[in-house]
Amino acid sequence: MPNSTISDSPVPGLYIVATPIGNLGDIGARAAATLARADLIAAEDTRVTAKLLSHLGLRISMTPYHDHSDERTRAALVARMAEEVVVLVSDAGTPLISDPGYKLVRDARAAGRHVTTIPGPCAAIAAITLSGLPSDRFLFAGFLPNKAKARADTIAEFAGLRASLVFYESGPRLAASLAALADGLGDREAAVAREITKLYEQCVTGPLTTLAARYADAPPKGEIVIVVAPPGEALPEAADDTTLDAALRDAMTDKPVAQAAKAVAKRFGLDRHDVYARALALKDAG
């Protein structure tokens, strides 16, 4: 059965709807339209979702659906999907990403219900874009365990992966988690992103040990995402014009202009075309 569009009357079934991770203005048009047409919203916390519905001017019936929801709750929701539009939302972002919901999707599919997703905000993806760390390959690992040994064992599983690692974290646990990551992975470059899309959005980068020390006595508030670079990766060096020109002249002693510009651009995290133009200017100037 084809997915519904905004202008269609949605068919009965389960709609997995991503909601804003902070700024309510980030709600998508399809997401808002789907919420407006819902017969029932299964919400992680109905009080949180009520604020979004109020922002949209909507009054839709809601029911709690969270980690502690049992099989009978899921069965009741799946039964309603036969005739009604049931929307699944989490407190913020994309449902099922470190949130409850996969069992409901699984049971809905097993019952032959229509299941579709309305994609949108996700804190893990947003943090990667803010971090400036490699994003071509990454692993989302959710929350680390609370207990020290379980946390260390989990981190050890990721140590050899040549990919950026993404974790969710809370303020009170942040410094301990950063220190544990440094112990298990080495002092890799990392980023701590918090309050993403909100007024006080912040992304602090640096070695894991430096970040752990920064937050040891000042745990931050808000929802937090940690991004850790792959093994052997470092943040680009900072470069003023003099440093950049010196690096280009040095690189051009044994490389063609294009290759030199590419290497220097990667080293300093700069646009390759801009660096190439500067390299040509240096070459022409002698």
# chains A, B, ... in the order shown; residues from 1 in each chain; ligands from 1
>>> closest_atom_pairs(of="region 85-138 of chain A", to="region 264-271 of chain A", cutoff="12 Å", atoms="only C-alpha atoms", output="Markdown table")
| residue | atom | partner | partner_atom | distance |
| --- | --- | --- | --- | --- |
| A:Gly132 | CA | A:Gly269 | CA | 8.8 |
| A:Leu133 | CA | A:Gly269 | CA | 10.3 |
| A:Pro134 | CA | A:Gly269 | CA | 11.2 |
>>> select_by_dssp(residues="region 122-267 of chain A", states="strand (DSSP E or B)", output="list in words")
Phe138, Leu139, Phe140, Ala141, Gly142, Phe143, Ser164, Leu165, Val166, Phe167, Tyr168, Glu169, Glu189, Ala190, Ala191, Val192, Ala193, Arg194, Gln202, Cys203, Val204, Thr205, Gly206, Pro207, Ile224, Val225, Ile226, Val227 and Val228 of chain A
>>> residues_around(residues="region 147-150 of chain A", least_positions_apart="3", cutoff="10 Å", atoms="only C-alpha atoms", output="mmCIF file with N, CA, C and O atoms, in the first residue's frame")
data_model
loop_
_atom_site.group_PDB
_atom_site.id
_atom_site.type_symbol
_atom_site.label_atom_id
_atom_site.label_comp_id
_atom_site.auth_asym_id
_atom_site.auth_seq_id
_atom_site.Cartn_x
_atom_site.Cartn_y
_atom_site.Cartn_z
ATOM 1 N N LEU A 144 25.923 4.855 27.556
ATOM 2 C CA LEU A 144 26.838 3.898 28.161
ATOM 3 C C LEU A 144 26.230 3.365 29.460
ATOM 4 O O LEU A 144 25.440 4.051 30.111
ATOM 5 N N ASP A 153 33.708 -2.312 29.646
ATOM 6 C CA ASP A 153 33.573 -3.447 28.719
ATOM 7 C C ASP A 153 32.907 -3.011 27.423
ATOM 8 O O ASP A 153 33.293 -3.447 26.330
ATOM 9 N N THR A 154 31.892 -2.162 27.544
ATOM 10 C CA THR A 154 31.196 -1.670 26.350
ATOM 11 C C THR A 154 32.129 -0.821 25.484
ATOM 12 O O THR A 154 32.186 -0.981 24.264
ATOM 13 N N ILE A 155 32.873 0.076 26.126
ATOM 14 C CA ILE A 155 33.807 0.931 25.386
ATOM 15 C C ILE A 155 34.860 0.085 24.683
ATOM 16 O O ILE A 155 35.241 0.375 23.535
ATOM 17 N N ALA A 156 35.342 -0.978 25.339
ATOM 18 C CA ALA A 156 36.363 -1.846 24.742
ATOM 19 C C ALA A 156 35.873 -2.476 23.437
ATOM 20 O O ALA A 156 36.665 -2.725 22.522
ATOM 21 N N ALA A 176 32.480 11.535 34.026
ATOM 22 C CA ALA A 176 32.898 10.145 34.227
ATOM 23 C C ALA A 176 32.903 9.372 32.910
ATOM 24 O O ALA A 176 33.808 8.564 32.653
ATOM 25 N N SER A 177 31.911 9.626 32.063
ATOM 26 C CA SER A 177 31.859 8.936 30.773
ATOM 27 C C SER A 177 33.002 9.371 29.872
ATOM 28 O O SER A 177 33.622 8.547 29.185
ATOM 29 N N ALA A 180 36.136 7.715 31.108
ATOM 30 C CA ALA A 180 36.128 6.294 30.761
ATOM 31 C C ALA A 180 36.416 6.090 29.285
ATOM 32 O O ALA A 180 37.122 5.141 28.899
#
>>> closest_atom_pairs(of="region 221-262 of chain A", to="region 272-285 of chain A", cutoff="10 Å", atoms="only C-alpha atoms", output="CSV")
residue,atom,partner,partner_atom,distance
A:Asp241,CA,A:Arg278,CA,10.0
A:Leu244,CA,A:Val275,CA,8.6
A:Asp245,CA,A:Leu282,CA,7.7
A:Ala247,CA,A:Ala279,CA,9.9
A:Leu248,CA,A:Ala279,CA,6.3
A:Arg249,CA,A:Leu282,CA,7.7
A:Ala251,CA,A:Ala279,CA,9.8
A:Met252,CA,A:Ala279,CA,8.4
A:Val257,CA,A:Ala279,CA,6.5
A:Ala258,CA,A:Tyr276,CA,6.3
A:Gln259,CA,A:Tyr276,CA,8.9
A:Ala260,CA,A:Ala279,CA,8.1
A:Ala261,CA,A:Tyr276,CA,4.9
A:Lys262,CA,A:Arg272,CA,5.7
>>> residues_around(residues="Lys198 (chain A)", least_positions_apart="2", cutoff="8 Å", atoms="only C-alpha atoms", output="count of residues only")
6
>>> closest_residue(among="A:Thr253, A:Pro95, A:Arg113, A:Leu104", to="Met81 (chain A)", atoms="only C-alpha atoms")
A:Arg113
>>> select_by_dssp(residues="region 241-272 of chain A", states="alpha helix (DSSP H)", output="PyMOL selection string")
chain A and resi 241-251+257-268+272
>>> closest_residue(among="A:Leu40, A:Ala179, A:Ile27, A:Ile16", to="Tyr215 (chain A)", atoms="only C-alpha atoms")
A:Ala179
>>> residues_around(residues="Leu185 (chain A)", least_positions_apart="6", cutoff="12 Å", atoms="only C-alpha atoms", output="ChimeraX atom specification")
/A:152-162,164-165,177-179,207-209,228-232
>>> atom_distance(atom1="CA of Asp107 (chain A)", atom2="CA of Phe167 (chain A)")
27.7 Å
>>> closest_residue(among="A:Asp217, A:Asp187, A:Glu223, A:Asp254", to="Ala92 (chain A)", atoms="only C-alpha atoms")
A:Glu223
>>> atom_distance(atom1="CA of Arg59 (chain A)", atom2="CA of Thr46 (chain A)")
12.0 Å
>>> atom_distance(atom1="CA of Ile125 (chain A)", atom2="CA of Thr63 (chain A)")
28.1 Å
>>> residues_around(residues="Lys103 (chain A)", least_positions_apart="6", cutoff="10 Å", atoms="only C-alpha atoms", output="PyMOL selection string")
chain A and resi 71+74+96+109
>>> decode(residues="region 109-130 of chain A", atoms="N, CA and C atoms", output="mmCIF file, in the first residue's frame")
data_model
loop_
_atom_site.group_PDB
_atom_site.id
_atom_site.type_symbol
_atom_site.label_atom_id
_atom_site.label_comp_id
_atom_site.auth_asym_id
_atom_site.auth_seq_id
_atom_site.Cartn_x
_atom_site.Cartn_y
_atom_site.Cartn_z
ATOM 1 N N ARG A 109 3.945 -4.820 12.308
ATOM 2 C CA ARG A 109 4.298 -5.502 11.049
ATOM 3 C C ARG A 109 3.815 -6.952 11.063
ATOM 4 N N ALA A 110 3.998 -7.615 12.205
ATOM 5 C CA ALA A 110 3.572 -9.017 12.309
ATOM 6 C C ALA A 110 2.070 -9.157 12.117
ATOM 7 N N ALA A 111 1.318 -8.120 12.516
ATOM 8 C CA ALA A 111 -0.140 -8.155 12.377
ATOM 9 C C ALA A 111 -0.601 -7.679 11.001
ATOM 10 N N GLY A 112 0.336 -7.323 10.146
ATOM 11 C CA GLY A 112 -0.015 -6.880 8.794
ATOM 12 C C GLY A 112 -0.524 -5.457 8.714
ATOM 13 N N ARG A 113 -0.239 -4.648 9.739
ATOM 14 C CA ARG A 113 -0.699 -3.255 9.724
ATOM 15 C C ARG A 113 0.184 -2.409 8.795
ATOM 16 N N HIS A 114 -0.388 -1.335 8.303
ATOM 17 C CA HIS A 114 0.374 -0.362 7.516
ATOM 18 C C HIS A 114 1.332 0.383 8.455
ATOM 19 N N VAL A 115 2.623 0.410 8.128
ATOM 20 C CA VAL A 115 3.628 1.089 8.952
ATOM 21 C C VAL A 115 4.445 2.012 8.053
ATOM 22 N N THR A 116 4.549 3.266 8.470
ATOM 23 C CA THR A 116 5.366 4.207 7.703
ATOM 24 C C THR A 116 6.039 5.175 8.668
ATOM 25 N N THR A 117 7.047 5.891 8.166
ATOM 26 C CA THR A 117 7.788 6.820 9.008
ATOM 27 C C THR A 117 7.775 8.218 8.404
ATOM 28 N N ILE A 118 7.715 9.202 9.269
ATOM 29 C CA ILE A 118 7.801 10.606 8.856
ATOM 30 C C ILE A 118 9.117 11.127 9.441
ATOM 31 N N PRO A 119 10.201 11.111 8.680
ATOM 32 C CA PRO A 119 11.517 11.422 9.231
ATOM 33 C C PRO A 119 11.663 12.895 9.588
ATOM 34 N N GLY A 120 12.668 13.162 10.417
ATOM 35 C CA GLY A 120 12.901 14.538 10.836
ATOM 36 C C GLY A 120 14.065 14.628 11.796
ATOM 37 N N PRO A 121 13.999 15.487 12.805
ATOM 38 C CA PRO A 121 15.133 15.742 13.694
ATOM 39 C C PRO A 121 15.635 14.500 14.418
ATOM 40 N N CYS A 122 16.955 14.476 14.626
ATOM 41 C CA CYS A 122 17.596 13.411 15.391
ATOM 42 C C CYS A 122 18.835 14.014 16.040
ATOM 43 N N ALA A 123 18.937 13.957 17.360
ATOM 44 C CA ALA A 123 20.042 14.595 18.074
ATOM 45 C C ALA A 123 21.390 14.014 17.682
ATOM 46 N N ALA A 124 21.455 12.702 17.447
ATOM 47 C CA ALA A 124 22.725 12.081 17.082
ATOM 48 C C ALA A 124 23.257 12.645 15.770
ATOM 49 N N ILE A 125 22.394 12.753 14.768
ATOM 50 C CA ILE A 125 22.806 13.278 13.467
ATOM 51 C C ILE A 125 23.161 14.756 13.576
ATOM 52 N N ALA A 126 22.360 15.507 14.318
ATOM 53 C CA ALA A 126 22.635 16.933 14.482
ATOM 54 C C ALA A 126 23.990 17.158 15.141
ATOM 55 N N ALA A 127 24.332 16.342 16.142
ATOM 56 C CA ALA A 127 25.607 16.493 16.839
ATOM 57 C C ALA A 127 26.786 16.197 15.922
ATOM 58 N N ILE A 128 26.645 15.203 15.067
ATOM 59 C CA ILE A 128 27.718 14.889 14.125
ATOM 60 C C ILE A 128 27.990 16.084 13.212
ATOM 61 N N THR A 129 26.930 16.734 12.758
ATOM 62 C CA THR A 129 27.127 17.879 11.862
ATOM 63 C C THR A 129 27.793 19.039 12.585
ATOM 64 N N LEU A 130 27.577 19.177 13.881
ATOM 65 C CA LEU A 130 28.191 20.256 14.656
ATOM 66 C C LEU A 130 29.638 19.955 15.027
#
